[in-house]
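The structure file data_23.cif is reproduced below (mmCIF, C-alpha atoms).
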data_my_file
#
loop_
_atom_site.label_atom_id
_atom_site.label_comp_id
_atom_site.auth_asym_id
_atom_site.auth_seq_id
_atom_site.Cartn_x
_atom_site.Cartn_y
_atom_site.Cartn_z
CA MET A 165 135.18 88.28 -5.98
CA PRO A 166 132.27 89.94 -4.18
CA SER A 167 133.20 92.56 -1.64
CA LEU A 168 132.49 92.20 2.06
CA LYS A 169 129.52 94.51 1.77
CA ASP A 170 128.03 92.43 -1.05
CA LEU A 171 128.39 89.30 1.01
CA ARG A 172 126.76 90.92 4.00
CA ASN A 173 123.81 91.97 1.87
CA ARG A 174 123.41 88.53 0.39
CA ILE A 175 123.45 86.85 3.77
CA ALA A 176 120.77 89.25 4.96
CA SER A 177 118.60 88.57 1.94
CA VAL A 178 118.92 84.79 2.17
CA LYS A 179 118.03 85.01 5.83
CA ALA A 180 114.88 86.93 4.97
CA THR A 181 113.95 84.33 2.35
CA GLN A 182 114.49 81.57 4.85
CA LYS A 183 112.12 83.25 7.27
CA ILE A 184 109.45 83.38 4.59
CA THR A 185 109.82 79.76 3.54
CA LYS A 186 109.82 78.68 7.16
CA ALA A 187 106.58 80.56 7.77
CA MET A 188 105.02 79.09 4.63
CA GLN A 189 105.96 75.63 5.78
CA MET A 190 104.27 76.12 9.11
CA VAL A 191 101.14 77.55 7.49
CA ALA A 192 101.03 74.59 5.11
CA ALA A 193 101.40 72.18 8.02
CA ALA A 194 98.42 73.74 9.79
CA LYS A 195 96.33 73.76 6.62
CA LEU A 196 97.33 70.19 5.86
CA ARG A 197 95.89 68.99 9.13
CA ARG A 198 92.60 70.68 8.34
CA ALA A 199 92.54 69.38 4.77
CA GLN A 200 93.30 65.88 5.97
CA ASP A 201 90.48 66.01 8.50
CA ALA A 202 88.08 67.18 5.81
CA ALA A 203 89.17 64.39 3.48
CA GLU A 204 88.70 61.81 6.21
CA ALA A 205 85.31 63.19 7.22
CA ALA A 206 84.10 62.91 3.64
CA ARG A 207 85.18 59.31 3.27
CA PRO A 208 82.14 57.59 4.90
CA TYR A 209 79.73 59.26 2.47
CA SER A 210 81.53 58.17 -0.66
CA GLN A 211 81.97 54.65 0.72
CA ARG A 212 78.27 54.30 1.56
CA MET A 213 77.38 55.84 -1.77
CA GLY A 214 79.54 53.27 -3.53
CA ALA A 215 77.86 50.46 -1.61
CA VAL A 216 74.34 51.68 -2.39
CA LEU A 217 75.22 52.20 -6.03
CA ALA A 218 76.75 48.75 -6.41
CA ASN A 219 73.65 47.33 -4.77
CA ILE A 220 71.21 48.95 -7.18
CA ALA A 221 73.39 48.27 -10.18
CA GLU A 222 73.39 44.62 -9.23
CA THR A 223 69.61 44.56 -8.97
CA LEU A 224 69.09 46.27 -12.28
CA GLY A 225 71.82 44.38 -14.06
CA ASP A 226 73.12 45.64 -17.36
CA GLY A 227 69.65 45.86 -18.79
CA ASP A 228 68.58 48.35 -21.40
CA ASP A 229 67.02 50.63 -18.85
CA ALA A 230 70.34 51.23 -17.10
CA PRO A 231 71.16 54.92 -17.52
CA LYS A 232 73.61 56.10 -20.15
CA LEU A 233 75.85 57.65 -17.52
CA MET A 234 76.64 54.17 -16.35
CA THR A 235 76.84 52.20 -19.56
CA GLY A 236 78.37 54.94 -21.67
CA THR A 237 77.29 56.05 -25.12
CA GLY A 238 78.83 53.04 -26.76
CA SER A 239 81.55 55.03 -28.48
CA ASP A 240 84.80 56.52 -27.20
CA GLN A 241 85.47 59.13 -29.83
CA THR A 242 85.34 62.27 -27.72
CA HIS A 243 87.11 62.46 -24.39
CA LEU A 244 86.61 65.01 -21.67
CA LEU A 245 89.46 65.50 -19.23
CA VAL A 246 88.69 67.25 -15.96
CA VAL A 247 92.04 68.36 -14.59
CA CYS A 248 92.06 69.46 -10.95
CA THR A 249 95.06 71.43 -9.75
CA ALA A 250 95.83 74.08 -7.15
CA GLU A 251 95.23 77.80 -7.31
CA ARG A 252 98.69 78.63 -6.07
CA GLY A 253 102.20 77.62 -6.90
CA LEU A 254 105.24 77.11 -4.67
CA CYS A 255 104.30 73.56 -3.91
CA GLY A 256 107.04 71.57 -5.59
CA GLY A 257 106.07 69.34 -8.47
CA PHE A 258 102.44 69.11 -7.41
CA ASN A 259 100.76 71.07 -10.22
CA SER A 260 103.17 70.06 -12.94
CA SER A 261 102.91 66.35 -12.21
CA ILE A 262 99.12 66.38 -12.51
CA ALA A 263 99.37 68.49 -15.65
CA ARG A 264 102.01 66.17 -17.09
CA LEU A 265 99.82 63.13 -16.56
CA ALA A 266 96.88 64.89 -18.20
CA ARG A 267 99.01 66.10 -21.08
CA GLU A 268 100.40 62.65 -21.78
CA HIS A 269 96.91 61.23 -21.69
CA ALA A 270 95.67 63.93 -24.08
CA ARG A 271 98.60 63.41 -26.48
CA LYS A 272 97.96 59.70 -26.59
CA LEU A 273 94.29 60.21 -27.36
CA LEU A 274 95.05 62.84 -30.00
CA ALA A 275 97.56 60.50 -31.63
CA GLU A 276 94.80 57.90 -31.85
CA GLY A 277 92.68 60.40 -33.71
CA LYS A 278 90.26 61.04 -30.86
CA THR A 279 88.83 64.41 -29.94
CA VAL A 280 89.96 65.80 -26.62
CA LYS A 281 88.19 68.45 -24.56
CA ILE A 282 89.57 69.76 -21.32
CA ILE A 283 88.03 71.43 -18.31
CA THR A 284 90.57 72.81 -15.88
CA VAL A 285 89.79 73.31 -12.23
CA GLY A 286 92.30 75.62 -10.60
CA LYS A 287 94.43 78.33 -12.10
CA LYS A 288 97.78 76.56 -12.22
CA GLY A 289 96.59 73.67 -14.33
CA HIS A 290 95.10 76.10 -16.79
CA ASP A 291 98.37 78.05 -17.01
CA ILE A 292 100.35 74.92 -17.74
CA LEU A 293 97.96 73.23 -20.17
CA ARG A 294 97.27 76.46 -22.06
CA ARG A 295 100.65 76.01 -23.67
CA GLY A 296 100.27 73.29 -26.25
CA LEU A 297 96.69 72.27 -25.54
CA GLY A 298 95.09 75.72 -25.39
CA ASP A 299 92.65 74.96 -28.19
CA ASN A 300 91.30 71.93 -26.38
CA ILE A 301 90.36 73.74 -23.19
CA ILE A 302 86.64 74.35 -23.25
CA GLU A 303 86.24 75.76 -19.79
CA ARG A 304 88.19 76.85 -16.76
CA ILE A 305 86.75 76.74 -13.30
CA ASP A 306 88.23 78.97 -10.66
CA LEU A 307 88.08 78.07 -7.02
CA ARG A 308 90.24 80.95 -5.88
CA ASP A 309 87.47 82.66 -3.94
CA VAL A 310 86.50 79.47 -2.17
CA LYS A 311 87.81 79.55 1.37
CA LYS A 312 86.56 76.23 2.56
CA LEU A 313 85.80 73.56 0.02
CA ALA A 314 82.15 72.56 0.30
CA PHE A 315 80.10 69.96 -1.47
CA VAL A 316 78.29 72.64 -3.50
CA ASN A 317 81.56 73.53 -5.26
CA ALA A 318 81.97 69.97 -6.44
CA ASP A 319 78.27 69.73 -7.23
CA GLU A 320 78.52 72.68 -9.62
CA ILE A 321 81.34 71.02 -11.53
CA GLY A 322 79.45 67.73 -11.54
CA LYS A 323 76.32 69.39 -12.93
CA LYS A 324 78.35 71.03 -15.69
CA VAL A 325 79.90 67.72 -16.67
CA ILE A 326 76.52 66.00 -16.73
CA ALA A 327 74.95 68.80 -18.76
CA LEU A 328 77.74 68.44 -21.32
CA PHE A 329 77.24 64.69 -21.39
CA GLU A 330 73.53 65.07 -22.01
CA GLU A 331 74.24 67.43 -24.89
CA GLY A 332 76.38 64.67 -26.33
CA ALA A 333 79.53 66.75 -26.08
CA PHE A 334 81.69 63.81 -25.03
CA ASP A 335 81.64 60.03 -24.57
CA VAL A 336 84.21 59.35 -21.88
CA CYS A 337 85.10 61.55 -18.93
CA THR A 338 88.29 61.18 -16.95
CA LEU A 339 89.14 63.01 -13.76
CA PHE A 340 92.74 63.98 -12.98
CA TYR A 341 93.81 64.75 -9.44
CA SER A 342 96.51 63.94 -6.98
CA GLU A 343 95.90 61.27 -4.41
CA PHE A 344 97.20 61.99 -0.95
CA LYS A 345 99.37 59.16 0.31
CA SER A 346 101.54 61.00 2.79
CA VAL A 347 103.28 64.33 3.26
CA ILE A 348 106.14 63.27 1.03
CA SER A 349 104.17 61.24 -1.48
CA GLN A 350 101.27 62.42 -3.62
CA ILE A 351 100.32 60.32 -6.59
CA PRO A 352 98.83 61.95 -9.68
CA THR A 353 95.83 59.82 -10.58
CA ALA A 354 93.48 59.47 -13.52
CA GLN A 355 90.02 58.18 -12.69
CA GLN A 356 87.31 57.39 -15.17
CA LEU A 357 84.10 59.16 -14.21
CA ILE A 358 81.76 58.41 -17.11
CA PRO A 359 80.84 55.68 -17.91
CA ALA A 360 80.84 55.02 -14.19
CA SER A 361 82.66 51.94 -13.12
CA ALA A 362 80.72 50.69 -10.11
CA GLY A 363 83.23 49.76 -7.42
CA GLU A 364 83.63 45.98 -7.45
CA SER A 365 85.30 46.06 -4.08
CA VAL A 366 82.19 47.22 -2.26
CA ALA A 367 79.73 44.93 -4.02
CA ALA A 368 80.52 42.01 -1.76
CA GLN A 369 79.53 43.66 1.52
CA THR A 370 76.00 44.67 0.54
CA ALA A 371 72.91 42.77 1.51
CA GLY A 372 73.41 40.38 -1.36
CA ASP A 373 70.26 38.59 -2.49
CA ALA A 374 67.83 40.64 -0.40
CA ILE A 375 64.89 41.95 -2.32
CA TYR A 376 64.62 45.67 -1.98
CA ASP A 377 61.57 47.88 -1.91
CA TYR A 378 62.21 50.94 -4.00
CA GLU A 379 60.46 54.22 -3.57
CA PRO A 380 59.74 55.62 -6.15
CA ASP A 381 61.36 52.87 -8.32
CA ALA A 382 64.83 51.55 -8.94
CA THR A 383 65.41 53.33 -12.22
CA ALA A 384 64.27 56.68 -10.82
CA ILE A 385 66.57 56.26 -7.84
CA LEU A 386 69.47 55.28 -10.05
CA ASP A 387 68.83 58.29 -12.29
CA ASP A 388 69.08 60.46 -9.24
CA LEU A 389 71.94 58.60 -7.64
CA ILE A 390 74.44 58.49 -10.47
CA PRO A 391 74.71 62.24 -11.02
CA ARG A 392 75.11 62.62 -7.30
CA ASN A 393 77.80 59.98 -7.28
CA ILE A 394 79.70 61.94 -9.93
CA SER A 395 79.59 65.03 -7.74
CA VAL A 396 80.72 62.96 -4.79
CA GLN A 397 83.67 61.60 -6.77
CA ILE A 398 84.66 65.11 -7.79
CA PHE A 399 84.28 66.31 -4.23
CA ARG A 400 86.51 63.52 -3.01
CA ALA A 401 89.08 64.33 -5.70
CA LEU A 402 89.08 68.00 -4.72
CA LEU A 403 89.56 67.16 -1.06
CA GLU A 404 92.38 64.74 -1.84
CA ASN A 405 93.89 67.44 -4.00
CA ALA A 406 93.68 70.03 -1.23
CA ALA A 407 95.46 67.72 1.19
CA SER A 408 98.08 66.80 -1.42
CA GLU A 409 98.71 70.42 -2.26
CA GLN A 410 99.42 71.33 1.35
CA GLY A 411 101.56 68.23 1.77
CA ALA A 412 103.57 69.05 -1.33
CA ARG A 413 103.95 72.66 -0.26
CA MET A 414 105.07 71.61 3.18
CA SER A 415 107.87 69.40 1.89
CA ALA A 416 108.86 71.91 -0.80
CA MET A 417 109.13 74.66 1.77
CA ASP A 418 111.00 72.38 4.14
CA ASN A 419 113.55 71.79 1.39
CA ALA A 420 113.75 75.48 0.61
CA THR A 421 114.33 76.32 4.26
CA ARG A 422 117.09 73.74 4.48
CA ASN A 423 118.73 74.97 1.28
CA ALA A 424 118.62 78.53 2.54
CA GLY A 425 120.30 77.36 5.75
CA GLU A 426 123.11 75.70 3.80
CA MET A 427 123.55 78.79 1.68
CA ILE A 428 123.78 81.01 4.74
CA ASP A 429 126.47 78.75 6.19
CA LYS A 430 128.48 78.87 2.97
CA LEU A 431 128.16 82.61 2.59
CA THR A 432 129.08 83.20 6.24
CA MET A 433 132.14 81.02 5.79
CA SER A 434 133.41 82.95 2.80
CA TYR A 435 132.52 86.24 4.49
CA ASN A 436 134.66 85.31 7.50
CA ARG A 437 137.51 84.10 5.32
CA GLN A 438 137.54 87.26 3.35
CA ARG A 439 137.39 89.40 6.45
CA GLN A 440 140.34 87.50 7.93
CA ALA A 441 142.28 87.86 4.67
CA GLN A 442 141.70 91.58 4.71
CA ILE A 443 142.90 91.91 8.31
CA THR A 444 146.03 89.91 7.48
CA LYS A 445 146.65 92.08 4.45
CA GLU A 446 146.33 95.27 6.49
CA LEU A 447 148.69 93.90 9.15
CA ILE A 448 151.29 93.04 6.51
CA GLU A 449 151.01 96.52 5.13
CA ILE A 450 151.55 98.09 8.54
CA ILE A 451 154.46 95.83 9.47
CA SER A 452 156.28 96.20 6.17
CA GLY A 453 155.68 99.95 6.34
CA ALA A 454 157.28 100.03 9.81
CA GLU A 455 160.23 97.91 8.68
CA ALA A 456 160.94 100.18 5.74
CA LEU A 457 161.63 103.10 8.07
CA MET B 543 61.46 47.12 24.66
CA ALA B 544 61.93 47.40 20.94
CA ASP B 545 65.05 46.08 19.27
CA ALA B 546 67.82 48.46 18.35
CA PHE B 547 69.44 48.79 14.94
CA LYS B 548 72.36 50.66 13.50
CA PHE B 549 71.53 54.17 12.31
CA GLU B 550 73.92 56.30 10.31
CA LEU B 551 73.41 59.82 9.02
CA VAL B 552 76.06 60.93 6.54
CA SER B 553 76.44 64.16 4.63
CA PRO B 554 79.14 64.69 1.98
CA GLU B 555 81.15 66.75 4.44
CA ARG B 556 81.02 64.40 7.40
CA LEU B 557 79.46 61.57 9.35
CA LEU B 558 76.86 63.13 11.64
CA VAL B 559 75.48 60.16 13.53
CA SER B 560 76.53 56.55 13.81
CA GLU B 561 74.65 55.00 16.71
CA GLU B 562 72.16 52.38 17.76
CA ALA B 563 68.60 53.60 17.34
CA LEU B 564 65.16 52.27 18.21
CA GLN B 565 63.12 54.21 15.73
CA VAL B 566 63.76 56.63 12.89
CA VAL B 567 61.22 58.75 11.05
CA VAL B 568 62.36 59.57 7.53
CA PRO B 569 60.94 62.15 5.10
CA GLY B 570 60.56 59.97 1.99
CA GLU B 571 59.82 61.48 -1.40
CA GLU B 572 56.35 59.99 -1.22
CA GLY B 573 55.66 60.69 2.43
CA TYR B 574 57.16 60.27 5.87
CA PHE B 575 57.76 56.73 7.01
CA THR B 576 59.04 55.11 10.18
CA VAL B 577 61.87 52.62 10.32
CA LEU B 578 62.00 50.09 13.14
CA ALA B 579 64.36 47.18 13.62
CA SER B 580 63.94 44.32 11.10
CA HIS B 581 62.37 46.61 8.54
CA ALA B 582 62.15 45.07 5.07
CA PRO B 583 65.03 46.16 2.83
CA ALA B 584 64.10 49.40 1.17
CA MET B 585 65.65 52.29 -0.62
CA ALA B 586 64.03 55.67 -1.02
CA THR B 587 64.82 59.18 -2.10
CA LEU B 588 64.22 61.92 0.43
CA LYS B 589 62.57 65.29 0.26
CA PRO B 590 63.66 68.21 2.42
CA GLY B 591 62.27 67.51 5.87
CA VAL B 592 62.95 66.52 9.44
CA VAL B 593 64.47 63.20 10.46
CA GLU B 594 63.47 62.12 13.96
CA VAL B 595 65.69 59.59 15.68
CA LYS B 596 64.98 57.76 18.92
CA LEU B 597 68.39 56.59 20.08
CA ALA B 598 68.91 53.40 22.04
CA GLY B 599 70.30 55.51 24.86
CA GLY B 600 66.91 57.14 25.28
CA ALA B 601 67.72 60.52 23.76
CA ASP B 602 65.70 61.97 20.89
CA GLU B 603 67.46 63.81 18.10
CA ARG B 604 66.03 65.76 15.20
CA PHE B 605 67.86 66.65 12.02
CA VAL B 606 66.90 68.74 9.06
CA VAL B 607 67.91 67.17 5.75
CA PHE B 608 67.74 68.67 2.29
CA GLY B 609 67.19 65.76 -0.03
CA GLY B 610 69.18 62.57 -0.28
CA PHE B 611 68.72 58.81 0.01
CA VAL B 612 67.96 56.27 2.62
CA ASP B 613 69.09 52.68 2.49
CA VAL B 614 67.20 50.42 4.91
CA THR B 615 68.16 46.84 5.70
CA PRO B 616 66.84 44.71 8.57
CA GLU B 617 69.96 45.48 10.60
CA ALA B 618 70.74 49.03 9.61
CA CYS B 619 69.44 52.32 8.30
CA THR B 620 71.87 54.49 6.38
CA LEU B 621 70.81 57.98 5.46
CA LEU B 622 72.84 59.75 2.79
CA ALA B 623 71.78 63.37 2.98
CA GLU B 624 72.65 66.02 0.45
CA SER B 625 73.08 68.31 3.42
CA ALA B 626 72.04 67.78 7.04
CA VAL B 627 71.94 69.87 10.19
CA ASN B 628 70.79 69.25 13.74
CA VAL B 629 67.51 71.07 14.35
CA ASN B 630 69.09 72.94 17.24
CA ASP B 631 71.78 74.31 14.95
CA ILE B 632 69.59 75.32 12.06
CA ASP B 633 70.34 78.74 10.79
CA ARG B 634 67.28 80.81 9.96
CA HIS B 635 69.22 82.82 7.38
CA ASP B 636 70.54 79.73 5.67
CA LEU B 637 67.01 78.38 5.27
CA GLU B 638 65.74 81.71 4.00
CA GLN B 639 68.61 81.79 1.54
CA ARG B 640 67.68 78.36 0.26
CA ILE B 641 64.07 79.43 -0.17
CA GLN B 642 65.21 82.53 -1.98
CA ASP B 643 67.33 80.40 -4.31
CA ALA B 644 64.43 78.04 -4.90
CA ARG B 645 62.19 81.02 -5.80
CA GLU B 646 64.75 82.16 -8.33
CA ASP B 647 64.88 78.64 -9.75
CA VAL B 648 61.11 78.77 -10.23
CA ASP B 649 61.44 82.08 -12.05
CA ASP B 650 64.30 80.78 -14.18
CA ALA B 651 62.70 77.46 -15.08
CA LYS B 652 62.69 77.03 -18.84
CA ASP B 653 60.35 74.11 -19.46
CA ASP B 654 57.35 72.61 -17.69
CA ALA B 655 59.24 69.71 -16.18
CA GLY B 656 61.84 72.07 -14.71
CA LEU B 657 59.11 74.36 -13.44
CA THR B 658 57.23 71.55 -11.72
CA LYS B 659 60.40 70.30 -10.12
CA ALA B 660 61.43 73.74 -8.89
CA ARG B 661 57.90 74.46 -7.60
CA THR B 662 57.74 71.17 -5.69
CA TYR B 663 61.10 71.86 -4.12
CA LEU B 664 60.03 75.36 -3.09
CA ASP B 665 56.82 74.00 -1.56
CA GLN B 666 58.73 71.40 0.39
CA LEU B 667 61.10 74.04 1.69
CA THR B 668 58.37 76.40 2.82
CA THR B 669 56.53 73.55 4.55
CA LEU B 670 59.75 72.69 6.28
CA GLN B 671 60.25 76.27 7.36
CA GLY B 672 56.76 76.36 8.84
CA ALA B 673 57.39 73.11 10.70
CA ILE B 674 60.67 73.91 12.35
CA LEU B 675 60.48 77.65 12.84
CA PRO B 676 57.24 78.37 14.62
CA ALA B 677 57.13 82.14 15.09
#
Turn this file's structure into structure tokens for me.
Amino acid sequence: MPSLKDLRNRIASVKATQKITKAMQMVAAAKLRRAQDAAEAARPYSQRMGAVLANIAETLGDGDDAPKLMTGTGSDQTHLLVVCTAERGLCGGFNSSIARLAREHARKLLAEGKTVKIITVGKKGHDILRRGLGDNIIERIDLRDVKKLAFVNADEIGKKVIALFEEGAFDVCTLFYSEFKSVISQIPTAQQLIPASAGESVAAQTAGDAIYDYEPDATAILDDLIPRNISVQIFRALLENAASEQGARMSAMDNATRNAGEMIDKLTMSYNRQRQAQITKELIEIISGAEAL
Amino acid sequence: MADAFKFELVSPERLLVSEEALQVVVPGEEGYFTVLASHAPAMATLKPGVVEVKLAGGADERFVVFGGFVDVTPEACTLLAESAVNVNDIDRHDLEQRIQDAREDVDDAKDDAGLTKARTYLDQLTTLQGAILPA
């Protein structure tokens, strides 16, 4: 049985923790709004990009001159997994659910006898995947110093991936991130990046049978466009991830604050009980002492 | 009065303009060209340069873009810029930084193709600097 002093100390410490989690929740809520705005602002570009890409792809068809990035190398022996996670923890199951999805994917591929290479973006994903898949990680990208996510950050990752592809280091590239549905729901998602799957959904709304003038020419444009599209996809994934991370942190901290509140109530209750018991005990001692005289 | 068409300028970070325009001048890879309503469908890559927009409302806007694409249809003109800024907001330091980076790229270029590409980009940037920053 803890003494009264112990209980008092514990209540004080839980109260301090609650203040911290409460503050973190409010910070996450503010950051979430900003991250959500950024994700929404970036949406038009990737939509238009998808439309343009579908348009050109349609014109060119699946001819021989279609770039490798789109058609693939024809084999699927080596897989590259780009796993995007957060730089910080304390956000519920956010990091571990992305990592779990990536790990399951990697295990499955390894069981099929395929080669798996991993690039981790963000410190937490690296920490988790290092255990068990450490030998497969070929690179880790840190975004810790990045205050505001800009397109150049995604572009750097995209260029690295393309450079690796051109060296023939892998055949299929899959991107792992968490899609932001709402504050309480973030869905870990795997998206195939290379060979690019041109969005079928956008194909319908383009000009259709119009004959386009290309400047310089369609293949040159496509060669330029596809790498950019990869960067755009990564950028979108990073933005979705940023919003998801803040959402996950917000609900995790909300839970923590509530738990701390419950704990304080319980501790206060037993503190009061014990105090009352002690007073009663002292009274009995005094009374029985007086009666004995 | 000329017909209006839909003009959109999008950068990866955000949608900059989405309005009716009468005329747009675009810095194509192979030279500036003007888009009017009912332009034949075209698609072109862009070089760093200035986009001039005559809006249907009468206002003129100028934007600096650093590479990208333009998708022209008879009804619309969509400009996907790698990075775009309004001329009024252009930051002298940012431009100088880009030129500095381009110079380093020229120095670091390993093969002829890379060197030509880096040199062209640097040239385009310096021309741009001369055009928008007189003084």
Need to verify the contact set: range 661-673 of chain B, 12 Å, all atoms listed in the file, exclusion of same-chain residues closer than 5 positions in sequence. Can you return it as a PDB file with C-alpha atoms, in the frame of the given file?
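Result file follows (around11.pdb):
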ATOM      1  CA  PRO B 569      60.940  62.150   5.100  1.00  0.00           C
ATOM      2  CA  GLY B 570      60.560  59.970   1.990  1.00  0.00           C
ATOM      3  CA  GLU B 571      59.820  61.480  -1.400  1.00  0.00           C
ATOM      4  CA  GLU B 572      56.350  59.990  -1.220  1.00  0.00           C
ATOM      5  CA  GLY B 573      55.660  60.690   2.430  1.00  0.00           C
ATOM      6  CA  LEU B 588      64.220  61.920   0.430  1.00  0.00           C
ATOM      7  CA  LYS B 589      62.570  65.290   0.260  1.00  0.00           C
ATOM      8  CA  PRO B 590      63.660  68.210   2.420  1.00  0.00           C
ATOM      9  CA  GLY B 591      62.270  67.510   5.870  1.00  0.00           C
ATOM     10  CA  VAL B 592      62.950  66.520   9.440  1.00  0.00           C
ATOM     11  CA  VAL B 593      64.470  63.200  10.460  1.00  0.00           C
ATOM     12  CA  PHE B 605      67.860  66.650  12.020  1.00  0.00           C
ATOM     13  CA  VAL B 606      66.900  68.740   9.060  1.00  0.00           C
ATOM     14  CA  VAL B 607      67.910  67.170   5.750  1.00  0.00           C
ATOM     15  CA  PHE B 608      67.740  68.670   2.290  1.00  0.00           C
ATOM     16  CA  GLY B 609      67.190  65.760  -0.030  1.00  0.00           C
ATOM     17  CA  VAL B 629      67.510  71.070  14.350  1.00  0.00           C
ATOM     18  CA  ILE B 632      69.590  75.320  12.060  1.00  0.00           C
ATOM     19  CA  ASP B 633      70.340  78.740  10.790  1.00  0.00           C
ATOM     20  CA  ARG B 634      67.280  80.810   9.960  1.00  0.00           C
ATOM     21  CA  HIS B 635      69.220  82.820   7.380  1.00  0.00           C
ATOM     22  CA  ASP B 636      70.540  79.730   5.670  1.00  0.00           C
ATOM     23  CA  LEU B 637      67.010  78.380   5.270  1.00  0.00           C
ATOM     24  CA  GLU B 638      65.740  81.710   4.000  1.00  0.00           C
ATOM     25  CA  GLN B 639      68.610  81.790   1.540  1.00  0.00           C
ATOM     26  CA  ARG B 640      67.680  78.360   0.260  1.00  0.00           C
ATOM     27  CA  ILE B 641      64.070  79.430  -0.170  1.00  0.00           C
ATOM     28  CA  GLN B 642      65.210  82.530  -1.980  1.00  0.00           C
ATOM     29  CA  ASP B 643      67.330  80.400  -4.310  1.00  0.00           C
ATOM     30  CA  ALA B 644      64.430  78.040  -4.900  1.00  0.00           C
ATOM     31  CA  ARG B 645      62.190  81.020  -5.800  1.00  0.00           C
ATOM     32  CA  GLU B 646      64.750  82.160  -8.330  1.00  0.00           C
ATOM     33  CA  ASP B 647      64.880  78.640  -9.750  1.00  0.00           C
ATOM     34  CA  VAL B 648      61.110  78.770 -10.230  1.00  0.00           C
ATOM     35  CA  ASP B 649      61.440  82.080 -12.050  1.00  0.00           C
ATOM     36  CA  ASP B 650      64.300  80.780 -14.180  1.00  0.00           C
ATOM     37  CA  ALA B 651      62.700  77.460 -15.080  1.00  0.00           C
ATOM     38  CA  ASP B 654      57.350  72.610 -17.690  1.00  0.00           C
ATOM     39  CA  ALA B 655      59.240  69.710 -16.180  1.00  0.00           C
ATOM     40  CA  GLY B 656      61.840  72.070 -14.710  1.00  0.00           C
TER      41      GLY B 656
END
Counting all atoms listed in the file, closest pick from B:Thr576, B:Thr658, B:Asn630, B:Ser553 relative to chain A is B:Ser553
Name the residues that the PyMOL selection byres ((chain A and resi 173-176) around 9) pulls out of this structure, and write them as a list in words.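 Checked against the file, the PyMOL selection byres ((chain A and resi 173-176) around 9) matches Leu168, Lys169, Asp170, Leu171, Arg172, Ser177, Val178, Lys179, Ala180, Thr181, Met427, Ile428, Asp429, Leu431 and Thr432 of chain A.
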Hits of the PyMOL selection byres ((chain B and resi 557) around 10) in this structure, as number ranges by chain: A: 204-209; B: 550-556, 558-560, 622, 626
Nearest to Leu386 in chain A by atom-to-atom distance, counting all atoms listed in the file, from B:Phe547, B:Val566, B:Thr587, B:His581: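 Counting all atoms listed in the file, the residue closest to Leu386 in chain A is B:Thr587.
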Could you tell me which residues the PyMOL selection byres ((chain A) within 8 of (chain B)) returns for this structure, as a list in words? Ala202, Ala205, Ala206, Arg207, Pro208, Tyr209, Ser210, Arg212, Met213, Val216, Ala314, Phe315, Ala371, Ala374, Ile375, Tyr376, Asp377, Tyr378, Glu379, Pro380, Ile385 and Val396 of chain A
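Closest approach to Leu244 in chain A among A:Phe334, A:Tyr341, A:Phe399, A:Phe329 is made by A:Phe334 (distances from only C-alpha atoms).
Of the residues listed (A:Gln211, A:Gln355, A:Asn405, A:Thr421), A:Asn405 shows the shortest atom-to-atom separation from Gly286 in chain A; distances use only C-alpha atoms.
For the residues A:Gly277, A:Gly425, A:Gly411, A:Gly453, ranking by smallest atom-to-atom distance to Ile351 in chain A using only C-alpha atoms places A:Gly411 first.
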Please determine, counting all atoms listed in the file, which residue among A:Lys183, A:Arg267, A:Lys278, A:Lys195 has the shortest atom-to-atom distance to Asp335 in chain A.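 Closest to Asp335 in chain A of all the choices is A:Lys278.
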Selection: 12 Å around Arg198 in chain A, all atoms listed in the file, excl. self and same-chain fewer than 2 positions, as an MDAnalysis selection string: chainID A and resid 191:196 200:205 312:313 403:404 406:408 410:411
Could you tell me how far CA of Gly600 in chain B sits from CA of Gln565 in chain B, in Å to one decimal place?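 Computing it gives 10.7 Å between the two atoms.
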Give me the residues near Gly289 in chain A as a PyMOL selection string, where near means some atom within 12 Å (using all atoms listed in the file) and where sequence neighbours in that chain fewer than 2 positions away do not count. chain A and resi 245-253+257-267+282-287+291-295+297-298+301+303-306+340-341
To one decimal in Å, tell me the separation between CA of Asn628 in chain B and CA of Leu389 in chain A. 23.9 Å
Report, in Å with one decimal, the straight-line distance from CA of His290 in chain A to CA of Ser395 in chain A.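 Interatomic distance, CA of His290 in chain A to CA of Ser395 in chain A: 21.1 Å.
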Excluding Lys596 in chain B and its own-chain neighbours fewer than 2 positions away, which residues fall within 6 Å of it when counting only C-alpha atoms? Please give them as a list in words. Ala563, Leu564, Gln565 and Asp602 of chain B
